[in-house]
Amino acid sequence: MFYDNRWKIAAFILFLITLISALTATAVYASGSAAHTRAGGIGGFTAGALPCSADDNAFCGANDNATVLTSGTEAATCSDKSDGTALSVGGTAVPAVSAKAAVLYIPETGDFIYEKRADDVLPMASTTKIMTALVAAERLSPDEKIKIDGRAVGIEGSSLYLTASDSYTARELIEGMLLASANDAAAALAIAVGGDIPAFAEMMNERAREIGLSATHFENPHGLDGESHRTTARELALIAAEAMENDLLREIFREKSAVIGEGEGRRTLTNHNKMLRMYDGCTGVKTGFTKKSGRCLVTAAEREELTLIGVTLSAPDDWDDHTKMLDYGFSLYEKRTLAAAGDISYTLPVIRGGEVVNITVRNTEDLSVVCKKGEAEPEKHIRLTRYTAAPVRCGDVLGEAIFTRGDRVIGSVKLRAAEDVAAEERKHWFRR
């Protein structure tokens with residue numbers, strides 16, 4: 001019997017030798033037409049901030065166009081902060097604005113690239129309605145009919161001149177509040193959602209806490225002056241960014257006009273935000289004014305997939321302030337594609353039963369990040385297991401491409417199996 005199985009034993013030993021050699025020898029990872037070679041170990045990659053580990057089944061390395069990071073490498077970031085008083089950046093002068101407080105914010109990165117007294121606590125006037133709209137939109141269906149409560153009638157300031165028992169959809173009231181800055185529409189929404197204005201104001205404050213705000217406090221849904229009705233330019237930018245994530249509000253913010261009501265009550269509203277007509281790429285957001293607050297403005301604009309949010313509080317020349325801040329931001333920053341879907345491709349060994357086969361792993365999604373214009377391409381690092389075992393399903397995550405500047409990770413994309421590999425039953429070498 002032993003002699004009958006000699007060829008099986010010899011084949012098994014040969015398979016083991018081949019497998020061990022494959023797992024310990026230098027492996028080549030192909031990405032497009034370029035070959036990426038790595039030895040069995042991790043090498044000199046020691047960037048402490050990069051989320052790669054030197055375990056026995058992981059490979060972390062830089063691409064062939066990158067330098068290997070070390071723990072002493074000076075950090076470089078994709079976007080740097082400005083306090084509004086800095087010297088010119090890359091030849092672009094930092095704007096001087098009329099506002100008492102101002103910021104320019106990149107919501108995708110969380111960076112404030114221009115600041116002037118960003119954390120001063122100030123009144124916000126009708127920019128309050130951004131939060132009112134957010135709370136209402138999260139709790140009401142756009143087509144939900146709302147009967148106007150008498151407590152919402154006759155609110156001072158900008159108004160739709162609602163009367164008790166009028167009926168509008170939630171969307172129409174939000175449009176009236178955001179485009180025409182109607183205080184009675186804000187009150188009607190607050191009562192419909194919260195039962196009364198104080199209860200709704202507490203909902204607004206709770207939502208502010210959820211966003212992580214500490215200096216903002218609301219007394220009402222419309223922004224008329226109150227002793228403790230306040231915010232900061234920085235926190236108002238964060239509120240606007242949160243509201244822009246809501247599909248309904250993002251659509252309404254950019255409307256230059258809207259028609260609301262039915263029959264004899266049908267009317268056309270014109271958006272008070274002149275930036276929608278004055279500035280290329282403007283997508284919102286809200287104006288505001290009281291004698292106490294002065295002119296307040298929150299603006300969002302998008303160009304080539306880069307979104308900026310500007311805020312000014314107490315700004316005598318707010319239209320010009322926002323034009324200069326947005327121009328400043330768009331002149332310095334861009335949205336850059338680091339990897340289109342399928343750009344990053346490698347071959348990975350898969351153990352299946354008694355054999356080793358190769359599969360392709362690649363990125364199936366685009367990766368774009370915000371960077372300064374003219375900035376060098378970030379370093380690309382690939383993290384892959386040395387091998388994997390069947391079964392493997394198409395789409396399984398088997399690695400990651402990580403892009404860095406210095407010790408800061410600025411983006412990453414998953415590497416996924418491009419095909420299925422079924423598990424095979426392992427044969428028993430000693431069975432006849």
# chains A, B, ... in the order shown; residues from 1 in each chain; ligands from 1
$ closest_atom_pairs --of "segment 128-209 of chain A" --to "segment 236-242 of chain A" --cutoff "8 Å" --atoms "only C-alpha atoms" --output "Markdown table"
| residue | atom | partner | partner_atom | distance |
| --- | --- | --- | --- | --- |
| A:Ile130 | CA | A:Ala240 | CA | 6.6 |
| A:Met131 | CA | A:Ile239 | CA | 6.7 |
| A:Ala208 | CA | A:Ile239 | CA | 7.6 |
$ write_last_selection --atoms "N, CA, C and O atoms" --output "compact mmCIF listing (two decimals), in the first residue's frame"
# COMPACT_ATOMS: atom_id res chain seq x y z
N ILE A 130 -32.00 78.86 9.09
CA ILE A 130 -31.32 77.67 8.58
C ILE A 130 -31.56 76.50 9.53
O ILE A 130 -31.89 75.39 9.10
N MET A 131 -31.41 76.75 10.82
CA MET A 131 -31.66 75.69 11.80
C MET A 131 -33.15 75.35 11.87
O MET A 131 -33.52 74.18 12.00
N ALA A 208 -28.47 71.65 17.85
CA ALA A 208 -27.16 72.32 17.87
C ALA A 208 -26.16 71.53 18.70
O ALA A 208 -24.99 71.38 18.32
$ select_by_dssp --residues "segment 179-387 of chain A" --states "helix (DSSP H, G or I)" --output "ChimeraX atom specification"
/A:179,183-194,197-211,233-244,247-253,263-265,275-278,318-332
$ residues_around --residues "Leu189 of chain A" --least-positions-apart "6" --cutoff "9 Å" --atoms "only C-alpha atoms" --output "compact mmCIF listing (two decimals) with N, CA and C atoms, in the first residue's frame"
# COMPACT_ATOMS: atom_id res chain seq x y z
N THR A 132 -34.01 76.37 11.81
CA THR A 132 -35.45 76.11 11.80
C THR A 132 -35.82 75.17 10.65
N ALA A 133 -35.28 75.47 9.48
CA ALA A 133 -35.56 74.64 8.30
C ALA A 133 -35.06 73.21 8.50
N ALA A 136 -37.34 71.35 11.00
CA ALA A 136 -38.65 71.10 10.38
C ALA A 136 -38.55 70.04 9.28
N ILE A 146 -50.20 71.69 6.40
CA ILE A 146 -50.15 72.32 7.72
C ILE A 146 -51.18 73.44 7.76
N ILE A 148 -52.56 76.69 9.41
CA ILE A 148 -51.89 77.77 10.13
C ILE A 148 -52.59 78.02 11.46
N ALA A 152 -49.32 81.94 14.95
CA ALA A 152 -48.30 82.26 13.96
C ALA A 152 -48.67 83.48 13.12
N ALA A 170 -45.65 71.65 4.03
CA ALA A 170 -44.43 71.95 4.77
C ALA A 170 -43.39 72.56 3.85
N LEU A 173 -44.11 76.27 3.22
CA LEU A 173 -43.77 77.11 4.35
C LEU A 173 -42.25 77.26 4.50
N ILE A 174 -41.52 76.17 4.23
CA ILE A 174 -40.05 76.27 4.28
C ILE A 174 -39.55 77.21 3.19
N PRO A 221 -37.69 80.68 16.38
CA PRO A 221 -37.38 80.07 15.09
C PRO A 221 -37.13 81.07 13.96
$ select_by_dssp --residues "segment 361-414 of chain A" --states "strand (DSSP E)" --output "ChimeraX atom specification"
/A:361-362,367-372,379-384,388-389,397-405,408-414
$ write_last_selection --atoms "N, CA and C atoms" --output "compact mmCIF listing (two decimals), in the first residue's frame"
# COMPACT_ATOMS: atom_id res chain seq x y z
N VAL A 361 -7.27 42.32 -7.58
CA VAL A 361 -7.96 43.21 -6.65
C VAL A 361 -7.78 44.63 -7.18
N ARG A 362 -8.84 45.43 -7.09
CA ARG A 362 -8.76 46.80 -7.60
C ARG A 362 -9.75 47.68 -6.87
N LEU A 367 -11.76 58.18 -6.02
CA LEU A 367 -11.32 58.88 -4.81
C LEU A 367 -10.89 60.29 -5.20
N SER A 368 -11.60 61.29 -4.69
CA SER A 368 -11.25 62.68 -4.91
C SER A 368 -11.12 63.38 -3.57
N VAL A 369 -10.17 64.29 -3.46
CA VAL A 369 -9.94 65.02 -2.22
C VAL A 369 -9.72 66.49 -2.54
N VAL A 370 -9.88 67.33 -1.53
CA VAL A 370 -9.63 68.75 -1.66
C VAL A 370 -8.17 69.02 -1.36
N CYS A 371 -7.50 69.72 -2.27
CA CYS A 371 -6.09 70.07 -2.10
C CYS A 371 -5.85 71.49 -2.57
N LYS A 372 -4.71 72.03 -2.16
CA LYS A 372 -4.30 73.32 -2.68
C LYS A 372 -3.87 73.18 -4.13
N GLU A 379 1.51 60.99 -1.56
CA GLU A 379 2.11 59.66 -1.63
C GLU A 379 1.02 58.60 -1.54
N LYS A 380 1.21 57.53 -2.32
CA LYS A 380 0.25 56.43 -2.32
C LYS A 380 0.90 55.21 -1.67
N HIS A 381 0.22 54.60 -0.73
CA HIS A 381 0.71 53.41 -0.03
C HIS A 381 -0.33 52.32 -0.16
N ILE A 382 0.13 51.10 -0.42
CA ILE A 382 -0.77 49.97 -0.63
C ILE A 382 -0.69 49.03 0.55
N ARG A 383 -1.83 48.68 1.07
CA ARG A 383 -1.90 47.68 2.14
C ARG A 383 -2.67 46.48 1.62
N LEU A 384 -1.98 45.36 1.53
CA LEU A 384 -2.59 44.11 1.06
C LEU A 384 -2.13 42.96 1.95
N THR A 388 -4.69 35.20 0.58
CA THR A 388 -5.97 34.96 1.24
C THR A 388 -6.42 33.56 0.90
N ALA A 389 -7.47 33.11 1.52
CA ALA A 389 -7.95 31.74 1.31
C ALA A 389 -9.35 31.78 0.73
N VAL A 397 -13.50 43.05 0.35
CA VAL A 397 -12.40 43.97 0.59
C VAL A 397 -11.17 43.18 1.01
N LEU A 398 -10.09 43.29 0.23
CA LEU A 398 -8.88 42.54 0.51
C LEU A 398 -7.67 43.45 0.72
N GLY A 399 -7.85 44.75 0.58
CA GLY A 399 -6.73 45.68 0.77
C GLY A 399 -7.21 47.11 0.73
N GLU A 400 -6.25 48.02 0.71
CA GLU A 400 -6.58 49.43 0.76
C GLU A 400 -5.43 50.24 0.17
N ALA A 401 -5.77 51.29 -0.56
CA ALA A 401 -4.78 52.27 -1.02
C ALA A 401 -4.95 53.51 -0.17
N ILE A 402 -3.84 53.96 0.42
CA ILE A 402 -3.88 55.07 1.37
C ILE A 402 -3.00 56.19 0.83
N PHE A 403 -3.54 57.41 0.80
CA PHE A 403 -2.83 58.57 0.29
C PHE A 403 -2.48 59.50 1.44
N THR A 404 -1.24 59.95 1.50
CA THR A 404 -0.77 60.75 2.63
C THR A 404 0.02 61.97 2.18
N ARG A 405 0.04 62.95 3.07
CA ARG A 405 1.00 64.05 3.00
C ARG A 405 1.70 64.09 4.35
N ARG A 408 -0.01 62.72 7.60
CA ARG A 408 -1.46 62.90 7.60
C ARG A 408 -2.10 62.11 6.47
N VAL A 409 -3.05 61.26 6.81
CA VAL A 409 -3.82 60.53 5.81
C VAL A 409 -4.88 61.47 5.25
N ILE A 410 -4.87 61.67 3.93
CA ILE A 410 -5.83 62.59 3.32
C ILE A 410 -6.90 61.87 2.53
N GLY A 411 -6.75 60.57 2.34
CA GLY A 411 -7.77 59.83 1.63
C GLY A 411 -7.39 58.37 1.49
N SER A 412 -8.38 57.52 1.32
CA SER A 412 -8.12 56.10 1.14
C SER A 412 -9.26 55.49 0.33
N VAL A 413 -8.95 54.36 -0.30
CA VAL A 413 -9.95 53.67 -1.09
C VAL A 413 -9.74 52.16 -0.92
N LYS A 414 -10.82 51.41 -0.83
CA LYS A 414 -10.74 49.97 -0.63
C LYS A 414 -10.36 49.26 -1.93
$ closest_residue --among "A:Leu306, A:Leu415, A:Val103, A:Leu313" --to "Gly342 of chain A" --atoms "only C-alpha atoms"
A:Leu415
$ residues_around --residues "Glu262 of chain A" --least-positions-apart "5" --cutoff "10 Å" --atoms "only C-alpha atoms" --output "list in words"
Ser167, Tyr168 and Arg267 of chain A
$ closest_residue --among "A:Gly176, A:Lys292, A:His217, A:Glu377" --to "Ala339 of chain A" --atoms "only C-alpha atoms"
A:Glu377
$ closest_residue --among "A:Ile197, A:Cys296, A:Val285, A:Val153" --to "Ala315 of chain A" --atoms "only C-alpha atoms"
A:Cys296
$ residues_around --residues "Met275 of chain A" --least-positions-apart "6" --cutoff "8 Å" --atoms "only C-alpha atoms" --output "number ranges by chain"
A: 282, 284, 299, 319
$ closest_residue --among "A:Ser293, A:Thr270, A:Thr337, A:Asn183" --to "Pro316 of chain A" --atoms "only C-alpha atoms"
A:Ser293
